[in-house]
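Engineer: So that you have it, the file is input29.tsv, and it contains TSV, C-alpha atoms:
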chain	number	residue	atom	x	y	z
A	157	MET	CA	0.00	0.00	0.00
A	158	THR	CA	2.78	2.43	0.94
A	159	ILE	CA	4.63	1.48	-2.24
A	160	LEU	CA	1.53	2.18	-4.35
A	161	LEU	CA	1.21	5.57	-2.64
A	162	ALA	CA	4.89	6.23	-3.33
A	163	VAL	CA	4.36	5.55	-7.04
A	164	LEU	CA	1.21	7.69	-7.26
A	165	LEU	CA	2.50	10.63	-5.22
A	166	GLY	CA	6.00	10.54	-6.76
A	167	THR	CA	4.54	10.53	-10.27
A	168	ALA	CA	2.15	13.34	-9.36
A	169	PHE	CA	5.00	15.38	-7.86
A	170	GLY	CA	7.19	14.90	-10.94
A	171	PHE	CA	4.27	15.77	-13.20
A	172	ALA	CA	3.44	18.90	-11.19
A	173	LEU	CA	7.05	20.13	-11.12
A	174	GLU	CA	7.36	19.71	-14.89
A	175	GLN	CA	4.00	21.36	-15.58
A	176	ALA	CA	4.98	24.28	-13.32
A	177	LYS	CA	8.21	24.65	-15.39
A	178	ALA	CA	10.30	24.12	-12.24
A	179	SER	CA	12.39	21.53	-14.08
A	180	ASN	CA	13.36	24.10	-16.72
A	181	PRO	CA	16.82	25.50	-15.77
A	182	ASN	CA	16.16	28.59	-17.90
A	183	LYS	CA	13.21	29.46	-15.64
A	184	ILE	CA	15.20	28.79	-12.44
A	185	ILE	CA	18.22	30.85	-13.49
A	186	ASN	CA	16.09	33.77	-14.72
A	187	MET	CA	14.16	33.69	-11.45
A	188	LEU	CA	17.44	33.92	-9.53
A	189	ARG	CA	18.55	36.76	-11.85
A	190	LEU	CA	15.30	38.51	-10.85
A	191	LYS	CA	14.24	38.62	-14.51
A	192	ASP	CA	11.29	36.22	-14.46
A	193	PHE	CA	9.18	35.70	-11.35
A	194	HIS	CA	7.00	32.91	-12.74
A	195	LEU	CA	8.57	30.22	-10.53
A	196	MET	CA	8.74	32.49	-7.51
A	197	LYS	CA	4.97	32.96	-7.82
A	198	VAL	CA	4.46	29.21	-8.20
A	199	ILE	CA	6.59	28.39	-5.13
A	200	LEU	CA	5.11	31.08	-2.87
A	201	PHE	CA	1.57	30.16	-3.84
A	202	ALA	CA	2.21	26.42	-3.39
A	203	ILE	CA	3.69	26.96	0.09
A	204	GLY	CA	0.89	29.32	1.18
A	205	PHE	CA	-1.93	27.21	-0.23
A	206	SER	CA	-0.67	23.88	1.17
A	207	SER	CA	0.17	25.47	4.52
A	208	LEU	CA	-3.29	27.02	4.93
A	209	LEU	CA	-5.04	23.72	4.19
A	210	LEU	CA	-2.56	21.77	6.34
A	211	PHE	CA	-3.27	23.83	9.45
A	212	LEU	CA	-6.98	23.99	8.68
A	213	LEU	CA	-7.25	20.20	8.34
A	214	SER	CA	-5.04	19.50	11.35
A	215	SER	CA	-7.08	21.92	13.50
A	216	MET	CA	-10.13	19.80	12.57
A	217	ASN	CA	-8.12	16.64	13.41
A	218	TRP	CA	-8.38	15.42	9.83
A	219	ILE	CA	-4.62	15.26	9.51
A	220	ASP	CA	-2.69	13.18	12.03
A	221	ILE	CA	-0.32	15.58	13.82
A	222	GLY	CA	2.14	12.66	13.93
A	223	HIS	CA	2.72	13.40	10.24
A	224	PHE	CA	4.33	16.77	10.99
A	225	SER	CA	8.08	16.48	10.61
A	226	ILE	CA	10.05	19.52	11.78
A	227	LYS	CA	13.74	19.43	10.93
A	228	ILE	CA	16.42	20.58	13.39
A	229	SER	CA	17.77	24.13	13.02
A	230	TYR	CA	21.58	24.32	13.22
A	231	SER	CA	24.27	26.49	11.63
A	232	GLY	CA	24.89	23.93	8.85
A	233	VAL	CA	21.35	24.52	7.55
A	234	ILE	CA	22.32	28.07	6.51
A	235	ILE	CA	25.86	27.18	5.38
A	236	GLY	CA	24.69	24.08	3.51
A	237	GLY	CA	21.95	26.18	1.93
A	238	ALA	CA	24.55	28.73	0.82
A	239	ILE	CA	26.71	25.99	-0.77
A	240	LEU	CA	23.62	24.58	-2.48
A	241	GLY	CA	22.75	28.08	-3.70
A	242	ILE	CA	26.02	28.31	-5.71
A	243	GLY	CA	25.24	25.13	-7.64
A	244	PHE	CA	21.56	26.06	-7.92
A	245	ALA	CA	22.49	29.35	-9.63
A	246	VAL	CA	25.07	27.89	-12.02
A	247	GLY	CA	23.26	24.65	-12.89
A	248	GLY	CA	19.64	25.78	-12.65
A	249	TYR	CA	18.59	22.57	-10.93
A	250	CYS	CA	17.90	21.41	-7.41
A	251	PRO	CA	17.88	17.70	-6.47
A	252	GLY	CA	14.16	17.14	-7.12
A	253	THR	CA	13.90	19.13	-10.34
A	254	SER	CA	17.02	17.47	-11.81
A	255	ILE	CA	15.35	14.07	-11.46
A	256	VAL	CA	12.15	15.33	-13.11
A	257	ALA	CA	14.11	17.08	-15.88
A	258	ALA	CA	16.02	13.87	-16.60
A	259	GLY	CA	12.66	12.13	-17.02
A	260	ALA	CA	11.60	14.88	-19.41
A	261	GLY	CA	14.70	14.17	-21.53
A	262	ARG	CA	17.13	16.90	-20.46
A	263	LYS	CA	20.71	15.64	-20.77
A	264	ASP	CA	22.36	18.29	-18.59
A	265	ALA	CA	20.10	17.08	-15.77
A	266	LEU	CA	21.62	13.60	-16.03
A	267	ILE	CA	25.11	15.09	-15.66
A	268	PHE	CA	23.87	17.17	-12.72
A	269	ILE	CA	22.58	13.99	-11.05
A	270	LEU	CA	25.96	12.28	-11.54
A	271	GLY	CA	27.68	15.29	-9.96
A	272	GLY	CA	25.11	15.13	-7.17
A	273	LEU	CA	25.79	11.46	-6.48
A	274	LEU	CA	29.50	12.29	-6.18
A	275	GLY	CA	28.76	15.28	-3.92
A	276	ALA	CA	26.69	13.08	-1.63
A	277	VAL	CA	29.54	10.52	-1.45
A	278	ALA	CA	31.97	13.33	-0.61
A	279	TYR	CA	29.68	14.38	2.22
A	280	MET	CA	29.44	10.79	3.51
A	281	LEU	CA	33.25	10.68	3.62
A	282	VAL	CA	33.78	14.00	5.41
A	283	PHE	CA	30.87	13.70	7.86
A	284	GLY	CA	32.94	11.72	10.38
A	285	ILE	CA	35.51	14.55	10.45
A	286	ILE	CA	33.10	17.52	10.67
A	287	LYS	CA	30.36	16.05	12.85
A	288	ASP	CA	31.61	17.65	16.07
A	289	SER	CA	32.44	21.02	14.49
A	290	PHE	CA	30.63	24.37	14.69
A	291	LEU	CA	28.64	23.34	11.59
A	292	PHE	CA	26.30	21.43	13.86
A	293	ASN	CA	25.82	24.10	16.52
A	294	LYS	CA	22.12	24.03	17.37
A	295	MET	CA	20.00	27.08	16.61
A	296	GLY	CA	16.87	26.28	18.56
A	297	GLY	CA	16.62	22.59	17.64
A	298	ALA	CA	13.48	21.15	16.04
A	299	ILE	CA	11.35	24.26	16.32
A	300	SER	CA	8.52	25.79	14.29
A	301	LEU	CA	6.84	29.19	14.34
A	302	VAL	CA	3.45	27.81	15.39
A	303	GLU	CA	2.43	24.72	17.34
A	304	THR	CA	2.44	21.58	15.17
A	305	ASN	CA	2.87	18.48	17.32
A	306	PRO	CA	3.44	19.61	20.95
A	307	LEU	CA	4.53	16.10	21.99
A	308	LYS	CA	7.54	16.21	19.68
A	309	TYR	CA	8.31	19.80	18.71
A	310	GLU	CA	8.60	23.20	20.30
A	311	ALA	CA	6.94	26.32	18.89
A	312	LEU	CA	8.04	29.96	19.02
A	313	ILE	CA	4.45	31.24	19.27
A	314	ASN	CA	2.48	29.27	21.83
A	315	ASN	CA	-0.35	31.38	23.16
A	316	VAL	CA	-2.12	32.14	19.87
A	317	SER	CA	-4.04	29.64	17.71
A	318	ALA	CA	-1.71	27.86	15.26
A	319	LEU	CA	-4.30	28.09	12.48
A	320	PHE	CA	-4.61	31.85	12.97
A	321	VAL	CA	-0.86	32.60	12.78
A	322	ALA	CA	-0.05	30.02	10.10
A	323	GLY	CA	-3.11	31.20	8.17
A	324	ILE	CA	-1.91	34.81	8.16
A	325	ILE	CA	1.56	33.75	6.98
A	326	ALA	CA	-0.03	31.56	4.29
A	327	ILE	CA	-2.25	34.37	3.04
A	328	VAL	CA	0.71	36.77	2.93
A	329	PHE	CA	2.62	34.21	0.81
A	330	MET	CA	-0.31	33.87	-1.59
A	331	LEU	CA	-0.78	37.64	-1.83
A	332	ILE	CA	2.89	38.15	-2.69
A	333	ALA	CA	2.47	35.46	-5.36
A	334	PHE	CA	-0.47	37.39	-6.84
A	335	PHE	CA	1.24	40.77	-6.81
A	336	LEU	CA	4.71	39.82	-8.06
A	337	PRO	CA	4.95	40.75	-11.74
A	338	SER	CA	4.65	37.94	-14.29
A	339	GLY	CA	7.80	37.47	-16.29
A	340	ASN	CA	7.83	38.07	-20.02
A	341	GLU	CA	10.88	35.92	-20.75
A	342	ASN	CA	10.32	32.31	-21.70
B	161	MET	CA	-5.54	35.79	-19.47
B	162	ASN	CA	-5.00	32.05	-19.61
B	163	LYS	CA	-1.26	32.49	-20.05
B	164	ASP	CA	-0.99	35.01	-17.23
B	165	LEU	CA	-2.47	32.53	-14.78
B	166	SER	CA	-0.23	29.58	-15.66
B	167	TRP	CA	1.71	30.19	-12.43
B	168	LEU	CA	-1.53	29.74	-10.47
B	169	LYS	CA	-2.21	26.39	-12.10
B	170	GLY	CA	1.35	25.24	-11.31
B	171	GLY	CA	1.13	26.52	-7.74
B	172	LEU	CA	-2.22	24.82	-7.09
B	173	LEU	CA	-1.00	21.54	-8.54
B	174	LEU	CA	2.21	21.58	-6.48
B	175	GLY	CA	0.41	22.72	-3.33
B	176	ILE	CA	-2.10	19.87	-3.60
B	177	VAL	CA	0.70	17.32	-4.03
B	178	PHE	CA	2.63	18.66	-0.99
B	179	LEU	CA	-0.55	18.62	1.10
B	180	THR	CA	-1.64	15.12	-0.02
B	181	ALA	CA	1.83	13.72	0.73
B	182	ILE	CA	1.89	14.97	4.35
B	183	TRP	CA	-1.77	14.03	4.80
B	184	MET	CA	-1.38	10.43	3.67
B	185	VAL	CA	2.26	9.63	4.47
B	186	LYS	CA	4.83	12.27	5.40
B	187	PRO	CA	6.34	15.51	4.06
B	188	ILE	CA	8.10	15.28	0.68
B	189	GLY	CA	11.90	15.10	0.58
B	190	VAL	CA	14.29	14.16	-2.21
B	191	SER	CA	18.01	14.62	-1.50
B	192	THR	CA	18.29	11.75	1.04
B	193	GLN	CA	17.74	9.31	-1.81
B	194	PHE	CA	21.01	10.38	-3.48
B	195	VAL	CA	22.72	8.96	-0.38
B	196	ILE	CA	20.71	5.76	-0.71
B	197	VAL	CA	21.75	5.30	-4.38
B	198	ASP	CA	25.40	5.92	-3.41
B	199	GLY	CA	25.10	3.42	-0.58
B	200	ILE	CA	23.62	0.75	-2.88
B	201	VAL	CA	26.54	1.16	-5.30
B	202	TRP	CA	29.11	1.33	-2.48
B	203	LYS	CA	27.70	-1.86	-0.95
B	204	ILE	CA	28.46	-3.79	-4.16
B	205	PHE	CA	32.17	-3.11	-3.64
B	206	SER	CA	32.27	-3.33	0.13
B	207	LYS	CA	30.30	-6.12	1.78
B	208	GLU	CA	31.13	-4.73	5.24
B	209	LEU	CA	29.46	-1.35	4.63
B	210	ILE	CA	26.08	-2.35	6.11
B	211	GLN	CA	25.70	-4.76	9.01
B	212	HIS	CA	22.42	-6.41	9.83
B	213	ASN	CA	21.68	-7.97	13.20
B	214	GLN	CA	18.06	-8.80	13.88
B	215	ASN	CA	18.55	-8.92	17.64
B	216	ALA	CA	20.50	-5.68	17.90
B	217	GLU	CA	19.08	-2.21	18.43
B	218	PRO	CA	19.30	-0.60	15.91
B	219	GLU	CA	18.91	-3.50	13.53
B	220	TYR	CA	21.02	-1.92	10.76
B	221	SER	CA	24.36	-0.21	11.25
B	222	SER	CA	27.23	0.94	9.06
B	223	THR	CA	30.98	1.37	9.17
B	224	ASN	CA	30.38	4.84	7.66
B	225	ALA	CA	29.59	7.45	10.32
B	226	TYR	CA	27.01	9.22	8.15
B	227	LEU	CA	25.07	6.10	7.19
B	228	ASN	CA	25.13	5.05	10.84
B	229	LYS	CA	23.50	8.32	11.94
B	230	ASN	CA	19.95	8.40	13.41
B	231	ASN	CA	20.02	4.77	14.52
B	232	GLY	CA	21.12	3.49	11.12
B	233	LYS	CA	18.22	5.05	9.22
B	234	TYR	CA	20.21	5.38	5.98
B	235	ALA	CA	21.85	1.96	6.48
B	236	SER	CA	18.37	0.46	6.67
B	237	GLY	CA	17.25	2.33	3.54
B	238	ILE	CA	20.27	0.99	1.62
B	239	ALA	CA	19.64	-2.57	2.75
B	240	ASN	CA	15.91	-2.32	1.85
B	241	PRO	CA	15.59	0.12	-1.06
B	242	VAL	CA	12.00	-0.87	-1.85
B	243	ASN	CA	10.58	1.65	0.60
B	244	TYR	CA	8.37	4.74	0.34
B	245	GLY	CA	11.07	7.42	0.05
B	246	PHE	CA	13.11	5.69	-2.63
B	247	ILE	CA	10.18	4.57	-4.81
B	248	PHE	CA	8.69	8.08	-4.50
B	249	VAL	CA	11.83	9.66	-5.98
B	250	LEU	CA	12.15	7.04	-8.74
B	251	SER	CA	8.51	7.70	-9.69
B	252	MET	CA	9.30	11.39	-10.15
B	253	ILE	CA	11.23	10.39	-13.30
B	254	LEU	CA	8.01	8.90	-14.70
B	255	GLY	CA	6.06	12.03	-13.74
B	256	GLY	CA	8.53	14.26	-15.59
B	257	PHE	CA	8.40	11.98	-18.63
B	258	LEU	CA	4.58	11.91	-18.73
B	259	SER	CA	4.31	15.68	-18.31
B	260	SER	CA	6.74	16.34	-21.15
B	261	ARG	CA	4.77	13.93	-23.35
B	262	PHE	CA	1.46	15.62	-22.59
B	263	SER	CA	2.78	19.15	-23.10
B	264	LYS	CA	1.93	20.68	-26.45
B	265	LYS	CA	5.14	22.68	-26.42
B	266	LYS	CA	8.03	20.22	-26.74
B	267	ILE	CA	11.47	20.92	-25.27
B	268	GLN	CA	13.85	21.83	-28.12
B	269	GLN	CA	16.90	19.62	-28.67
B	270	LYS	CA	19.44	22.34	-27.86
B	271	ASP	CA	17.54	23.30	-24.70
B	272	LYS	CA	18.05	19.74	-23.52
B	273	ILE	CA	21.75	20.42	-22.93
B	274	SER	CA	22.14	24.17	-22.41
B	275	PRO	CA	19.27	26.50	-21.45
B	276	LYS	CA	18.89	29.70	-23.50
B	277	VAL	CA	20.28	31.91	-20.74
B	278	TRP	CA	23.45	29.77	-20.81
B	279	ARG	CA	23.80	29.88	-24.62
B	280	ASP	CA	23.29	33.65	-24.66
B	281	LYS	CA	26.32	34.05	-22.40
B	282	PHE	CA	28.62	31.13	-23.25
B	283	GLY	CA	27.55	30.17	-26.77
B	284	GLU	CA	26.81	26.73	-28.12
B	285	ASN	CA	29.78	25.01	-26.45
B	286	HIS	CA	27.87	22.26	-24.71
B	287	ASN	CA	30.94	20.64	-23.13
B	288	LYS	CA	31.46	23.70	-20.96
B	289	ARG	CA	27.83	23.48	-19.85
B	290	LEU	CA	28.18	19.81	-18.93
B	291	VAL	CA	31.37	20.38	-16.89
B	292	TYR	CA	29.78	23.24	-14.97
B	293	THR	CA	26.54	21.31	-14.44
B	294	PHE	CA	28.50	18.38	-13.00
B	295	VAL	CA	30.23	20.68	-10.50
B	296	ALA	CA	26.89	22.36	-9.76
B	297	GLY	CA	25.33	18.98	-8.96
B	298	PHE	CA	28.24	18.19	-6.65
B	299	LEU	CA	27.81	21.46	-4.71
B	300	VAL	CA	24.01	21.16	-4.54
B	301	LEU	CA	24.00	17.67	-3.05
B	302	PHE	CA	26.97	18.34	-0.75
B	303	GLY	CA	25.17	21.45	0.52
B	304	ALA	CA	21.84	19.66	0.82
B	305	ARG	CA	23.34	16.89	2.94
B	306	LEU	CA	25.09	19.41	5.20
B	307	ALA	CA	21.80	21.30	5.56
B	308	GLY	CA	19.85	18.07	6.12
B	309	GLY	CA	17.46	18.65	3.21
B	310	CYS	CA	16.95	20.42	-0.10
B	311	THR	CA	14.44	22.68	-1.77
B	312	SER	CA	11.67	20.09	-1.38
B	313	GLY	CA	12.32	18.96	2.17
B	314	HIS	CA	13.55	22.18	3.78
B	315	MET	CA	12.04	24.99	1.76
B	316	MET	CA	8.69	23.66	0.56
B	317	SER	CA	7.78	21.04	3.19
B	318	GLY	CA	9.54	23.00	5.93
B	319	MET	CA	7.98	26.40	5.33
B	320	MET	CA	4.58	24.76	4.80
B	321	GLN	CA	4.84	23.50	8.39
B	322	THR	CA	6.28	26.89	9.56
B	323	SER	CA	9.54	25.14	10.46
B	324	VAL	CA	12.27	27.62	11.44
B	325	SER	CA	14.80	25.43	9.59
B	326	GLY	CA	12.94	26.07	6.32
B	327	TYR	CA	13.33	29.84	6.73
B	328	LEU	CA	17.02	29.51	7.66
B	329	PHE	CA	17.64	27.27	4.66
B	330	ALA	CA	15.88	29.62	2.23
B	331	THR	CA	17.94	32.53	3.59
B	332	GLY	CA	21.19	30.62	2.97
B	333	VAL	CA	20.18	29.51	-0.52
B	334	PHE	CA	19.07	32.89	-1.87
B	335	ALA	CA	21.97	34.73	-0.19
B	336	THR	CA	24.36	33.04	-2.63
B	337	ALA	CA	22.09	31.98	-5.50
B	338	ILE	CA	20.75	35.43	-6.42
B	339	PRO	CA	24.07	37.36	-6.56
B	340	ILE	CA	25.86	34.45	-8.27
B	341	ALA	CA	23.13	34.03	-10.92
B	342	ILE	CA	23.16	37.78	-11.62
B	343	ILE	CA	26.97	37.98	-11.94
B	344	PHE	CA	27.58	34.62	-13.64
B	345	PHE	CA	24.95	35.22	-16.34
B	346	LYS	CA	25.53	38.95	-16.76
B	347	PRO	CA	25.34	39.63	-20.52
B	348	LYS	CA	28.64	40.52	-22.22
B	349	LYS	CA	29.53	44.15	-23.22
The structure in this file should be written as structure tokens.

Structural biologist:
Amino acid sequence: MTILLAVLLGTAFGFALEQAKASNPNKIINMLRLKDFHLMKVILFAIGFSSLLLFLLSSMNWIDIGHFSIKISYSGVIIGGAILGIGFAVGGYCPGTSIVAAGAGRKDALIFILGGLLGAVAYMLVFGIIKDSFLFNKMGGAISLVETNPLKYEALINNVSALFVAGIIAIVFMLIAFFLPSGNEN
Amino acid sequence: MNKDLSWLKGGLLLGIVFLTAIWMVKPIGVSTQFVIVDGIVWKIFSKELIQHNQNAEPEYSSTNAYLNKNNGKYASGIANPVNYGFIFVLSMILGGFLSSRFSKKKIQQKDKISPKVWRDKFGENHNKRLVYTFVAGFLVLFGARLAGGCTSGHMMSGMMQTSVSGYLFATGVFATAIPIAIIFFKPKK
């Protein structure tokens, strides 16, 4: 059953990313160059829309709060993000979109994936050396802005309804998506 | 009008997939599976990489410190690749293929190696593109593993759940990606 769900959801995710043009490196690079906000609008709207429904459904107990999965905040999240950002800008792919783009027949995506597999090996080899360094200094641990699953995670804002705060953030994201200019480059 | 709202269609579609995934299983993440593929290949050459002991806790362990992390979670994924996370990522290839087949506008041959923005700056020399893309892939996955997630897991799934880590990750990514994209692809003259 889980495997069937993996096939259905994975295929849907790949299909959605390709339809949204997120697997097109031209769109990614021109978004980062601040020339074409199409993908920025897509991403902001997707985050806002899914977040609003997520907190709405979990406030009605329709979504099991055990499904929330808050990652730990530590200094390596920012530094790793910054390293990723260099490759993201030059290549125009992130891990997920490279896989989708390869499926759509893009050859540079295949090369990106090979580079990625080597990068992941390199990380596996250096992890033992860096694991006790400043890169893993905690910055609050597994923490979210609003309450998600109080048994497992802490929240920064505790005394206001999670749906209310998350809902406002979600609506702001969607509004920015609406008001950002559409790009005219293809 | 229809063209102007194509971003909305893409955003709705992606949003629904992210929501359905957390609703039915767990938040979407991709970059971990690069480690799993590496581990599967590595295991072919080194039988000692993953140890399995049914009576031990954790059941799976590894001689590699990273694969051994979180009670051998990655070691277990390498030993049993037919699991949700791995099949999910493999299925994304099919999704990308189907979408490109259904799209009226086909991807042009030359766009399949170098995007237009690349050709405008560096010309039609595809080898240069492939070398740079390889290095880019290396940096992206190295960075994603250090950060503990990528655009899907940290930025999309994370910010959807209002995770602080998602905001920190996005800050790190755009702090380098925007200036580098602007400078690297700055038109000549």

Engineer: May I ask for the distance between atom CA of Val201 of chain B and atom CA of Leu273 of chain A, given in Å to one decimal place?

Structural biologist: 10.4 Å

Engineer: How would you write as a VMD selection string the residues that get within 6 Å of (21.7, 2.6, 14.4) in the file's frame, counting all atoms listed in the file?

Structural biologist: chain B and resid 218 220 to 221 228 231 to 232

Engineer: From the list B:Ile176, B:Ile196, B:Met316, B:Leu306, which residue is nearest Leu291 of chain A when using only C-alpha atoms?

Structural biologist: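 Of B:Ile176, B:Ile196, B:Met316, B:Leu306, the one nearest Leu291 of chain A is B:Leu306, counting only C-alpha atoms.
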
Engineer: Excluding segment 259-266 of chain B and its own-chain neighbours fewer than 2 positions away, which residues fall within 7 Å of it when counting only C-alpha atoms? Please give them as a list in words.

Structural biologist: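 Near neighbours after the sequence-gap exclusion: Phe171, Glu174, Gln175 and Ala260 of chain A; Gly255, Gly256, Phe257 and Gln268 of chain B.
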
Engineer: Name all residues at most 9 Å from Ala162 of chain A (count only C-alpha atoms; drop same-chain ones fewer than 5 positions away) and give them as JSON, numbers by chain.

Structural biologist: {"A": [157, 167], "B": [185, 243, 244, 245, 246, 247, 248, 249, 251]}

Engineer: May I have the residues from that selection written out with C-alpha atoms, as a PDB file, in the coordinates of the input?

Structural biologist:
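So the final result, stored in part-v2.pdb, reads:
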ATOM      1  CA  MET A 157       0.000   0.000   0.000  1.00  0.00           C
ATOM      2  CA  THR A 167       4.540  10.530 -10.270  1.00  0.00           C
TER       3      THR A 167
ATOM      4  CA  VAL B 185       2.260   9.630   4.470  1.00  0.00           C
ATOM      5  CA  ASN B 243      10.580   1.650   0.600  1.00  0.00           C
ATOM      6  CA  TYR B 244       8.370   4.740   0.340  1.00  0.00           C
ATOM      7  CA  GLY B 245      11.070   7.420   0.050  1.00  0.00           C
ATOM      8  CA  PHE B 246      13.110   5.690  -2.630  1.00  0.00           C
ATOM      9  CA  ILE B 247      10.180   4.570  -4.810  1.00  0.00           C
ATOM     10  CA  PHE B 248       8.690   8.080  -4.500  1.00  0.00           C
ATOM     11  CA  VAL B 249      11.830   9.660  -5.980  1.00  0.00           C
ATOM     12  CA  SER B 251       8.510   7.700  -9.690  1.00  0.00           C
TER      13      SER B 251
END

Engineer: Smallest atom-to-atom distance to chain B: which of A:Leu213, A:Met196, A:Ile221, A:Lys263, using all atoms listed in the file?

Structural biologist: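 Nearest candidate to chain B out of A:Leu213, A:Met196, A:Ile221, A:Lys263: A:Lys263.
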
Engineer: Just give me the gap between atom CA of Gly283 of chain B and atom CA of Ser179 of chain A in Å, one decimal is fine.

Structural biologist: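 If I compute the distance from atom CA of Gly283 of chain B to atom CA of Ser179 of chain A, I get 21.6 Å.
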
Engineer: Compile the contact shell of Ile273 of chain B as a list in words: residues with an atom at most 10 Å away, counting only C-alpha atoms, same-chain residues fewer than 4 positions apart removed.

Structural biologist: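 After dropping sequence-adjacent residues, the list is Gly261, Arg262, Lys263, Asp264, Ala265, Leu266 and Ile267 of chain A; Gln268, Gln269, Trp278, Arg279, Glu284, Asn285, His286, Asn287, Arg289, Leu290 and Thr293 of chain B.
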
Engineer: Name all residues at most 7 Å from Leu195 of chain A (count only C-alpha atoms; drop same-chain ones fewer than 3 positions away) and give them as a VMD selection string.

Structural biologist: chain A and resid 178 183 187 198 to 199

Engineer: At a cut-off of 7 Å, using all atoms listed in the file, what residues contact Leu165 of chain A? Leave out same-chain residues fewer than 4 positions from it and give the result as a VMD selection string.

Structural biologist: (chain A and resid 161 169) or (chain B and resid 181 248)

Engineer: Output C-alpha atoms for every residue in the selection just made, as a PDB file, in the frame of the given file.

Structural biologist:
ATOM      1  CA  LEU A 161       1.210   5.570  -2.640  1.00  0.00           C
ATOM      2  CA  PHE A 169       5.000  15.380  -7.860  1.00  0.00           C
TER       3      PHE A 169
ATOM      4  CA  ALA B 181       1.830  13.720   0.730  1.00  0.00           C
ATOM      5  CA  PHE B 248       8.690   8.080  -4.500  1.00  0.00           C
TER       6      PHE B 248
END

Engineer: Nearest to Lys197 of chain A: which of A:Ile239, A:Val256, A:Ile184, A:Leu160 is it, counting only C-alpha atoms?

Structural biologist: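 For Lys197 of chain A, the nearest of the given residues is A:Ile184.
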
Engineer: Report the distance between atom CA of Asn215 of chain B and atom CA of Asn230 of chain B in Å, rounded to one decimal place.

Structural biologist: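 Atom CA of Asn230 of chain B lies 17.9 Å from atom CA of Asn215 of chain B.
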
Engineer: Check the smallest atom-to-atom distance from each of B:Ile253, B:Leu179, B:Ile238, B:Val324 to Leu212 of chain A using only C-alpha atoms, then report the winner.

Structural biologist: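 Selected residue with least distance to Leu212 of chain A: B:Leu179.
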
Engineer: So which residues fall inside 8 Å of (5.7, 38.3, -6.1) if we count all atoms listed in the file? Mind giving them as a ChimeraX atom specification?

Structural biologist: /A:193,196-197,200,331-337

Engineer: Can you put N, CA and C atoms back into segment 239-252 of chain A and show it as a short mmCIF file (atom, residue, chain, number, x, y, z; two decimals), in the coordinates of the input?

Structural biologist:
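Here's the written file part.cif:
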data_model
loop_
_atom_site.label_atom_id
_atom_site.label_comp_id
_atom_site.auth_asym_id
_atom_site.auth_seq_id
_atom_site.Cartn_x
_atom_site.Cartn_y
_atom_site.Cartn_z
N ILE A 239 25.93 26.80 0.18
CA ILE A 239 26.71 25.99 -0.77
C ILE A 239 25.79 25.50 -1.89
N LEU A 240 24.60 25.04 -1.49
CA LEU A 240 23.62 24.58 -2.48
C LEU A 240 23.26 25.71 -3.44
N GLY A 241 23.15 26.93 -2.89
CA GLY A 241 22.75 28.08 -3.70
C GLY A 241 23.71 28.35 -4.86
N ILE A 242 25.02 28.09 -4.64
CA ILE A 242 26.02 28.31 -5.71
C ILE A 242 25.71 27.38 -6.89
N GLY A 243 25.52 26.10 -6.59
CA GLY A 243 25.24 25.13 -7.64
C GLY A 243 23.87 25.34 -8.28
N PHE A 244 22.92 25.77 -7.46
CA PHE A 244 21.56 26.06 -7.92
C PHE A 244 21.60 27.18 -8.98
N ALA A 245 22.40 28.21 -8.71
CA ALA A 245 22.49 29.35 -9.63
C ALA A 245 23.19 28.98 -10.93
N VAL A 246 24.29 28.21 -10.83
CA VAL A 246 25.07 27.89 -12.02
C VAL A 246 24.37 26.80 -12.85
N GLY A 247 23.86 25.77 -12.18
CA GLY A 247 23.26 24.65 -12.89
C GLY A 247 21.80 24.88 -13.26
N GLY A 248 21.07 25.57 -12.40
CA GLY A 248 19.64 25.78 -12.65
C GLY A 248 18.78 24.60 -12.23
N TYR A 249 19.35 23.72 -11.43
CA TYR A 249 18.59 22.57 -10.93
C TYR A 249 18.75 22.46 -9.43
N CYS A 250 17.72 21.87 -8.77
CA CYS A 250 17.90 21.41 -7.41
C CYS A 250 17.70 19.88 -7.46
N PRO A 251 17.92 19.16 -6.36
CA PRO A 251 17.88 17.70 -6.47
C PRO A 251 16.58 17.17 -7.09
N GLY A 252 15.44 17.65 -6.61
CA GLY A 252 14.16 17.14 -7.12
C GLY A 252 13.94 17.47 -8.58
#
